[in-house]
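Participant: To be precise about what I am sending: the file is called query_15.csv and holds CSV, C-alpha atoms.
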chain,number,residue,atom,x,y,z
O,48,GLN,CA,0.0,0.0,0.0
O,49,LYS,CA,1.3,3.4,-0.9
O,50,GLU,CA,1.8,6.0,1.8
O,51,VAL,CA,-0.3,8.5,-0.2
O,52,GLU,CA,-3.2,7.6,-2.4
O,53,GLN,CA,-4.6,9.8,-5.1
O,54,ASP,CA,-7.3,9.0,-7.7
O,55,PRO,CA,-5.6,9.5,-11.1
O,56,GLY,CA,-8.8,10.6,-12.9
O,57,PRO,CA,-9.2,11.9,-15.4
O,58,LEU,CA,-11.8,14.2,-14.0
O,59,SER,CA,-13.8,16.2,-16.5
O,60,VAL,CA,-16.0,19.1,-15.5
O,61,PRO,CA,-17.8,22.0,-17.2
O,62,GLU,CA,-16.4,25.5,-16.9
O,63,GLY,CA,-17.7,27.2,-13.7
O,64,ALA,CA,-18.1,24.0,-11.7
O,65,ILE,CA,-16.7,23.4,-8.3
O,66,VAL,CA,-13.9,20.8,-8.3
O,67,SER,CA,-12.9,18.6,-5.4
O,68,LEU,CA,-9.6,16.8,-5.5
O,69,ASN,CA,-8.6,14.5,-2.7
O,70,CYS,CA,-5.7,12.4,-1.2
O,71,THR,CA,-5.6,10.0,1.6
O,72,TYR,CA,-2.5,9.0,3.5
O,73,SER,CA,-1.4,6.5,6.0
O,74,ASN,CA,1.5,8.1,7.9
O,75,SER,CA,0.2,9.9,11.0
O,76,ALA,CA,3.5,11.8,11.2
O,77,PHE,CA,2.7,14.0,8.2
O,78,GLN,CA,2.1,17.6,9.3
O,79,TYR,CA,2.8,19.7,6.2
O,80,PHE,CA,0.6,19.3,3.2
O,81,MET,CA,1.0,20.8,-0.3
O,82,TRP,CA,-0.8,20.9,-3.6
O,83,TYR,CA,1.1,21.3,-6.8
O,84,ARG,CA,-0.3,22.0,-10.3
O,85,GLN,CA,1.5,20.5,-13.3
O,86,TYR,CA,0.7,21.6,-16.8
O,87,SER,CA,1.4,19.1,-19.6
O,88,ARG,CA,5.2,18.9,-20.3
O,89,LYS,CA,6.0,21.4,-17.5
O,90,GLY,CA,7.4,21.1,-14.0
O,91,PRO,CA,5.1,21.0,-10.9
O,92,GLU,CA,4.4,24.4,-9.5
O,93,LEU,CA,3.4,25.0,-5.8
O,94,LEU,CA,-0.2,26.0,-5.5
O,95,MET,CA,-1.1,25.7,-1.8
O,96,TYR,CA,0.8,24.9,1.4
O,97,THR,CA,-1.0,24.0,4.7
O,98,TYR,CA,0.3,23.1,8.1
O,99,SER,CA,-1.6,20.6,10.3
O,100,SER,CA,-5.4,20.6,10.2
O,101,GLY,CA,-7.8,23.2,9.0
O,102,ASN,CA,-8.6,25.2,5.9
O,103,LYS,CA,-6.6,27.6,3.8
O,104,GLU,CA,-8.0,29.8,1.1
O,105,ASP,CA,-6.3,31.6,-1.8
O,106,GLY,CA,-8.5,33.1,-4.4
O,107,ARG,CA,-10.5,30.4,-6.0
O,108,PHE,CA,-8.6,27.6,-4.3
O,109,THR,CA,-9.2,26.1,-0.8
O,110,ALA,CA,-7.0,23.5,0.8
O,111,GLN,CA,-8.5,21.4,3.5
O,112,VAL,CA,-6.8,19.0,5.9
O,113,ASP,CA,-8.5,16.5,8.2
O,114,LYS,CA,-5.7,14.8,10.1
O,115,SER,CA,-8.1,12.6,12.1
O,116,SER,CA,-9.3,11.0,8.9
O,117,LYS,CA,-5.9,11.3,7.1
O,118,TYR,CA,-7.6,13.0,4.2
O,119,ILE,CA,-6.8,16.2,2.4
O,120,SER,CA,-8.7,18.1,-0.3
O,121,LEU,CA,-8.3,20.9,-2.8
O,122,PHE,CA,-11.4,22.7,-3.9
O,123,ILE,CA,-11.4,24.9,-7.0
O,124,ARG,CA,-14.4,27.3,-7.3
O,125,ASP,CA,-15.6,28.7,-10.6
O,126,SER,CA,-13.2,26.4,-12.5
O,127,GLN,CA,-11.7,27.7,-15.7
O,128,PRO,CA,-10.2,26.0,-18.8
O,129,SER,CA,-6.9,27.3,-17.7
O,130,ASP,CA,-7.2,25.1,-14.5
O,131,SER,CA,-6.9,22.0,-16.8
O,132,ALA,CA,-3.8,20.3,-15.5
O,133,THR,CA,-2.6,17.5,-13.3
O,134,TYR,CA,-2.8,18.2,-9.5
O,135,LEU,CA,-0.3,16.5,-7.2
O,136,CYS,CA,-0.7,16.3,-3.5
O,137,ALA,CA,2.4,16.2,-1.4
O,138,MET,CA,3.2,15.9,2.3
O,139,ASN,CA,5.9,15.4,4.9
O,140,ALA,CA,6.6,15.3,8.6
O,141,GLY,CA,8.3,18.6,8.5
O,142,GLY,CA,11.9,19.8,9.0
O,143,TYR,CA,14.2,18.1,6.5
O,144,GLN,CA,12.0,15.0,6.1
O,145,LYS,CA,11.5,13.7,2.6
O,146,VAL,CA,8.4,14.8,0.7
O,147,THR,CA,6.0,12.1,-0.4
O,148,PHE,CA,3.9,12.8,-3.5
O,149,GLY,CA,0.6,11.4,-4.7
O,150,THR,CA,0.5,10.2,-8.3
O,151,GLY,CA,-1.6,13.1,-9.4
O,152,THR,CA,-5.2,13.7,-10.6
O,153,LYS,CA,-5.7,14.9,-14.2
O,154,LEU,CA,-8.3,17.6,-14.4
O,155,GLN,CA,-10.0,18.8,-17.6
O,156,VAL,CA,-12.3,21.9,-17.5
O,157,ILE,CA,-14.5,22.0,-20.6
O,158,PRO,CA,-15.5,25.4,-21.9
J,69,ASP,CA,10.2,30.0,-10.9
J,70,ALA,CA,13.0,29.8,-8.2
J,71,GLY,CA,15.7,30.4,-10.9
J,72,ILE,CA,16.1,26.7,-11.8
J,73,THR,CA,17.2,25.5,-15.3
J,74,GLN,CA,17.8,22.0,-16.5
J,75,SER,CA,19.8,20.9,-19.5
J,76,PRO,CA,19.3,19.2,-21.8
J,77,ARG,CA,15.5,19.5,-22.0
J,78,HIS,CA,15.2,16.5,-24.2
J,79,LYS,CA,17.7,13.6,-24.9
J,80,VAL,CA,17.5,10.4,-26.8
J,81,THR,CA,20.3,7.9,-26.1
J,82,GLU,CA,21.1,4.3,-26.5
J,83,THR,CA,21.3,1.5,-23.9
J,84,GLY,CA,24.7,1.3,-22.3
J,85,THR,CA,25.8,4.9,-22.9
J,86,PRO,CA,26.6,7.3,-20.1
J,87,VAL,CA,24.3,10.3,-19.7
J,88,THR,CA,24.6,13.4,-17.5
J,89,LEU,CA,21.8,15.8,-16.7
J,90,ARG,CA,22.5,19.2,-15.3
J,91,CYS,CA,20.5,21.3,-12.9
J,92,HIS,CA,21.5,24.9,-12.3
J,93,GLN,CA,20.0,27.4,-9.8
J,94,THR,CA,20.8,31.0,-9.3
J,95,GLU,CA,19.5,31.7,-5.8
J,96,ASN,CA,22.1,29.9,-3.6
J,97,HIS,CA,19.8,27.3,-2.2
J,98,ARG,CA,21.4,24.7,0.0
J,99,TYR,CA,19.2,21.7,-0.8
J,100,MET,CA,18.8,20.3,-4.3
J,101,TYR,CA,16.9,17.2,-5.4
J,102,TRP,CA,16.6,14.9,-8.4
J,103,TYR,CA,13.3,13.2,-9.0
J,104,ARG,CA,12.0,11.0,-11.8
J,105,GLN,CA,8.3,11.0,-12.8
J,106,ASP,CA,6.7,8.0,-14.3
J,107,PRO,CA,3.0,7.2,-15.0
J,108,GLY,CA,1.5,5.4,-12.0
J,109,HIS,CA,4.4,6.2,-9.8
J,110,GLY,CA,4.4,9.9,-9.4
J,111,LEU,CA,7.5,11.7,-8.4
J,112,ARG,CA,10.2,9.5,-6.8
J,113,LEU,CA,13.4,10.8,-5.2
J,114,ILE,CA,16.6,9.7,-6.8
J,115,HIS,CA,19.3,11.6,-4.9
J,116,TYR,CA,19.5,14.9,-3.0
J,117,SER,CA,22.2,17.3,-1.9
J,118,TYR,CA,22.4,19.4,1.3
J,119,GLY,CA,25.5,21.3,0.3
J,120,VAL,CA,28.6,21.3,-1.8
J,121,LYS,CA,30.0,17.7,-1.9
J,122,ASP,CA,27.2,16.6,0.5
J,123,THR,CA,24.8,14.2,-1.2
J,124,ASP,CA,22.6,11.2,-0.1
J,125,LYS,CA,20.5,8.6,-1.7
J,126,GLY,CA,16.7,8.7,-2.3
J,127,GLU,CA,14.3,5.8,-2.8
J,128,VAL,CA,15.3,4.9,-6.4
J,129,SER,CA,19.0,5.6,-6.5
J,130,ASP,CA,20.3,2.4,-8.1
J,131,GLY,CA,21.9,3.1,-11.5
J,132,TYR,CA,22.3,6.8,-10.7
J,133,SER,CA,25.1,8.9,-9.3
J,134,VAL,CA,25.3,12.6,-8.5
J,135,SER,CA,27.8,15.3,-7.9
J,136,ARG,CA,27.7,18.8,-6.5
J,137,SER,CA,31.0,20.7,-6.8
J,138,LYS,CA,29.4,24.1,-6.8
J,139,THR,CA,26.3,25.4,-4.9
J,140,GLU,CA,24.6,26.3,-8.1
J,141,ASP,CA,25.0,23.0,-10.0
J,142,PHE,CA,23.7,19.5,-9.3
J,143,LEU,CA,24.6,16.8,-11.8
J,144,LEU,CA,22.8,13.5,-12.3
J,145,THR,CA,24.7,10.8,-14.1
J,146,LEU,CA,23.4,7.5,-15.5
J,147,GLU,CA,26.6,5.5,-15.7
J,148,SER,CA,25.2,3.0,-18.3
J,149,ALA,CA,21.7,4.0,-19.3
J,150,THR,CA,19.0,1.3,-19.5
J,151,SER,CA,15.5,1.4,-21.0
J,152,SER,CA,14.0,1.4,-17.5
J,153,GLN,CA,15.6,4.8,-17.0
J,154,THR,CA,13.4,6.3,-19.7
J,155,SER,CA,11.5,9.0,-17.8
J,156,VAL,CA,11.1,12.6,-17.1
J,157,TYR,CA,13.6,14.0,-14.7
J,158,PHE,CA,13.0,16.9,-12.5
J,159,CYS,CA,15.4,18.9,-10.4
J,160,ALA,CA,14.0,20.8,-7.3
J,161,ILE,CA,15.3,23.1,-4.7
J,162,ARG,CA,14.2,23.6,-1.1
J,163,GLN,CA,13.3,27.1,-0.2
J,164,GLU,CA,14.2,27.1,3.5
J,165,GLY,CA,12.2,29.4,5.7
J,166,SER,CA,8.6,29.6,7.0
J,167,THR,CA,7.1,27.3,4.5
J,168,ASP,CA,10.2,25.2,3.7
J,169,THR,CA,8.8,23.9,0.4
J,170,GLN,CA,10.2,22.5,-2.8
J,171,TYR,CA,10.2,24.2,-6.2
J,172,PHE,CA,10.8,22.4,-9.4
J,173,GLY,CA,12.7,23.0,-12.6
J,174,PRO,CA,11.1,22.5,-16.1
J,175,GLY,CA,12.3,18.9,-16.5
J,176,THR,CA,14.4,16.8,-18.8
J,177,ARG,CA,12.7,14.2,-21.0
J,178,LEU,CA,15.1,11.2,-21.4
J,179,THR,CA,14.5,8.3,-23.8
J,180,VAL,CA,16.8,5.3,-23.7
J,181,LEU,CA,16.5,3.1,-26.8
Please re-express this file's structure in structure tokens.
Facilitator:
Amino acid sequence: QKEVEQDPGPLSVPEGAIVSLNCTYSNSAFQYFMWYRQYSRKGPELLMYTYSSGNKEDGRFTAQVDKSSKYISLFIRDSQPSDSATYLCAMNAGGYQKVTFGTGTKLQVIP
Amino acid sequence: DAGITQSPRHKVTETGTPVTLRCHQTENHRYMYWYRQDPGHGLRLIHYSYGVKDTDKGEVSDGYSVSRSKTEDFLLTLESATSSQTSVYFCAIRQEGSTDTQYFGPGTRLTVL
């Protein structure tokens, strides 16, 4: 079993929809949670960073962490075609611990 | 973009040949990483460096070596390339500070025939 599980999709939604992307994990030591966005043939770019449990909002994006369930989510409101990309969750225990990545969910927003 | 460049961006080589990939950063970051990305496996750490001449293995280091003789350059070498090393290779840096997160370069697409 992988430490981090992420549905690969693809997930296809109409423009303007609310998108929910999720990851589950098994390592209770994880405290730092990240979401990366990766466009086709590009490097991953950091989208959201969250420490411990709770919500964090940045524009149309909201990251949510539920440590009791070992479950993290990324919500995208008013999705746009430019949001079409692969979204990777990532997490670690902090400090200089290695980062563990999910395999990514491919999202397509249809105009 | 954290000032990271990778070269070459694309390479096709033959089994058994040596290959070196270069990662260059301009912002004096201490930590640098090499990952490979493959379908179904996500990003996997090959090697990392925490300073000049200081390197350590990641989870998939077999068949790879690294060197860091200058802060700005981190080299990944495939001593004798195999078809299983066909992949996209990403370099990353750690931006130490309040968020302590990793930022990635644009990637090198390597095909071993």
Participant: Find the residues in chain J near chain O: any atom within 9 Å counts, using only C-alpha atoms. Write them as a ChimeraX atom specification.
Facilitator: /J:69,106-113,126,158,167-175,177
Participant: Restrict the selected residues to C-alpha atoms and save them as an mmCIF file, keeping the file's coordinate frame.
Facilitator:
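Output contents, as saved in selection_31.cif:
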data_model
loop_
_atom_site.group_PDB
_atom_site.id
_atom_site.type_symbol
_atom_site.label_atom_id
_atom_site.label_comp_id
_atom_site.auth_asym_id
_atom_site.auth_seq_id
_atom_site.Cartn_x
_atom_site.Cartn_y
_atom_site.Cartn_z
ATOM 1 C CA ASP J 69 10.200 30.000 -10.900
ATOM 2 C CA ASP J 106 6.700 8.000 -14.300
ATOM 3 C CA PRO J 107 3.000 7.200 -15.000
ATOM 4 C CA GLY J 108 1.500 5.400 -12.000
ATOM 5 C CA HIS J 109 4.400 6.200 -9.800
ATOM 6 C CA GLY J 110 4.400 9.900 -9.400
ATOM 7 C CA LEU J 111 7.500 11.700 -8.400
ATOM 8 C CA ARG J 112 10.200 9.500 -6.800
ATOM 9 C CA LEU J 113 13.400 10.800 -5.200
ATOM 10 C CA GLY J 126 16.700 8.700 -2.300
ATOM 11 C CA PHE J 158 13.000 16.900 -12.500
ATOM 12 C CA THR J 167 7.100 27.300 4.500
ATOM 13 C CA ASP J 168 10.200 25.200 3.700
ATOM 14 C CA THR J 169 8.800 23.900 0.400
ATOM 15 C CA GLN J 170 10.200 22.500 -2.800
ATOM 16 C CA TYR J 171 10.200 24.200 -6.200
ATOM 17 C CA PHE J 172 10.800 22.400 -9.400
ATOM 18 C CA GLY J 173 12.700 23.000 -12.600
ATOM 19 C CA PRO J 174 11.100 22.500 -16.100
ATOM 20 C CA GLY J 175 12.300 18.900 -16.500
ATOM 21 C CA ARG J 177 12.700 14.200 -21.000
#
Participant: Please measure the separation of CA of Val156 in chain J and CA of Gln105 in chain J, giving the value in Å to one decimal.
Facilitator: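 These two atoms are separated by 5.4 Å.
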Participant: Pick from O:Asn102, O:Gln127, O:Ser120, O:Gln48: nearest to Cys70 in chain O, with all atoms listed in the file counted?
Facilitator: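 Nearest candidate to Cys70 in chain O out of O:Asn102, O:Gln127, O:Ser120, O:Gln48: O:Ser120.
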Participant: Go ahead and find all residues with at least one atom no further than 6 Å from (15.2, 16.5, -20.0) in the file's coordinates, using only C-alpha atoms; report them as a list of chain:residue names.
Facilitator: J:Pro76, J:Arg77, J:His78, J:Gly175, J:Thr176, J:Arg177, J:Leu178
Participant: What is the CA of Ser99 in chain O to CA of Glu52 in chain O distance in Å?
Facilitator: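 We find that CA of Ser99 in chain O and CA of Glu52 in chain O lie 18.2 Å from each other.
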Participant: Can you pull out every residue within 12 Å of Ile157 in chain O, counting only C-alpha atoms, but drop anything in the same chain fewer than 2 positions away, and send it as an NGL selection string?
Facilitator: :O and (58-64 or 126-132 or 154-155)
Participant: Could you check how far CA of Glu140 in chain J sits from CA of Met100 in chain J, in Å to one decimal?
Facilitator: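 Rounded to one decimal, the two atoms are 9.2 Å apart.
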Participant: Generate a file for range 127-166 of chain J, containing C-alpha atoms, as a PDB file, in the first residue's frame.
Facilitator:
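Output saved as out.pdb:
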ATOM      1  CA  GLU J 127      14.295   5.787  -2.802  1.00  0.00           C
ATOM      2  CA  VAL J 128      15.293   4.909  -6.401  1.00  0.00           C
ATOM      3  CA  SER J 129      19.037   5.588  -6.513  1.00  0.00           C
ATOM      4  CA  ASP J 130      20.252   2.352  -8.147  1.00  0.00           C
ATOM      5  CA  GLY J 131      21.947   3.093 -11.485  1.00  0.00           C
ATOM      6  CA  TYR J 132      22.336   6.806 -10.726  1.00  0.00           C
ATOM      7  CA  SER J 133      25.102   8.927  -9.255  1.00  0.00           C
ATOM      8  CA  VAL J 134      25.252  12.638  -8.473  1.00  0.00           C
ATOM      9  CA  SER J 135      27.814  15.319  -7.904  1.00  0.00           C
ATOM     10  CA  ARG J 136      27.741  18.828  -6.547  1.00  0.00           C
ATOM     11  CA  SER J 137      31.012  20.685  -6.818  1.00  0.00           C
ATOM     12  CA  LYS J 138      29.402  24.141  -6.771  1.00  0.00           C
ATOM     13  CA  THR J 139      26.347  25.433  -4.922  1.00  0.00           C
ATOM     14  CA  GLU J 140      24.569  26.309  -8.140  1.00  0.00           C
ATOM     15  CA  ASP J 141      25.039  23.018 -10.035  1.00  0.00           C
ATOM     16  CA  PHE J 142      23.736  19.528  -9.263  1.00  0.00           C
ATOM     17  CA  LEU J 143      24.565  16.837 -11.814  1.00  0.00           C
ATOM     18  CA  LEU J 144      22.792  13.515 -12.265  1.00  0.00           C
ATOM     19  CA  THR J 145      24.694  10.765 -14.092  1.00  0.00           C
ATOM     20  CA  LEU J 146      23.397   7.533 -15.496  1.00  0.00           C
ATOM     21  CA  GLU J 147      26.617   5.516 -15.734  1.00  0.00           C
ATOM     22  CA  SER J 148      25.193   3.031 -18.253  1.00  0.00           C
ATOM     23  CA  ALA J 149      21.692   3.950 -19.344  1.00  0.00           C
ATOM     24  CA  THR J 150      18.981   1.287 -19.474  1.00  0.00           C
ATOM     25  CA  SER J 151      15.498   1.393 -21.017  1.00  0.00           C
ATOM     26  CA  SER J 152      13.982   1.381 -17.521  1.00  0.00           C
ATOM     27  CA  GLN J 153      15.561   4.811 -16.999  1.00  0.00           C
ATOM     28  CA  THR J 154      13.407   6.317 -19.742  1.00  0.00           C
ATOM     29  CA  SER J 155      11.542   8.966 -17.786  1.00  0.00           C
ATOM     30  CA  VAL J 156      11.063  12.639 -17.119  1.00  0.00           C
ATOM     31  CA  TYR J 157      13.645  13.956 -14.675  1.00  0.00           C
ATOM     32  CA  PHE J 158      12.959  16.947 -12.468  1.00  0.00           C
ATOM     33  CA  CYS J 159      15.351  18.926 -10.367  1.00  0.00           C
ATOM     34  CA  ALA J 160      14.029  20.761  -7.334  1.00  0.00           C
ATOM     35  CA  ILE J 161      15.316  23.107  -4.671  1.00  0.00           C
ATOM     36  CA  ARG J 162      14.180  23.555  -1.102  1.00  0.00           C
ATOM     37  CA  GLN J 163      13.301  27.107  -0.213  1.00  0.00           C
ATOM     38  CA  GLU J 164      14.186  27.138   3.464  1.00  0.00           C
ATOM     39  CA  GLY J 165      12.170  29.393   5.708  1.00  0.00           C
ATOM     40  CA  SER J 166       8.641  29.644   7.005  1.00  0.00           C
TER      41      SER J 166
END
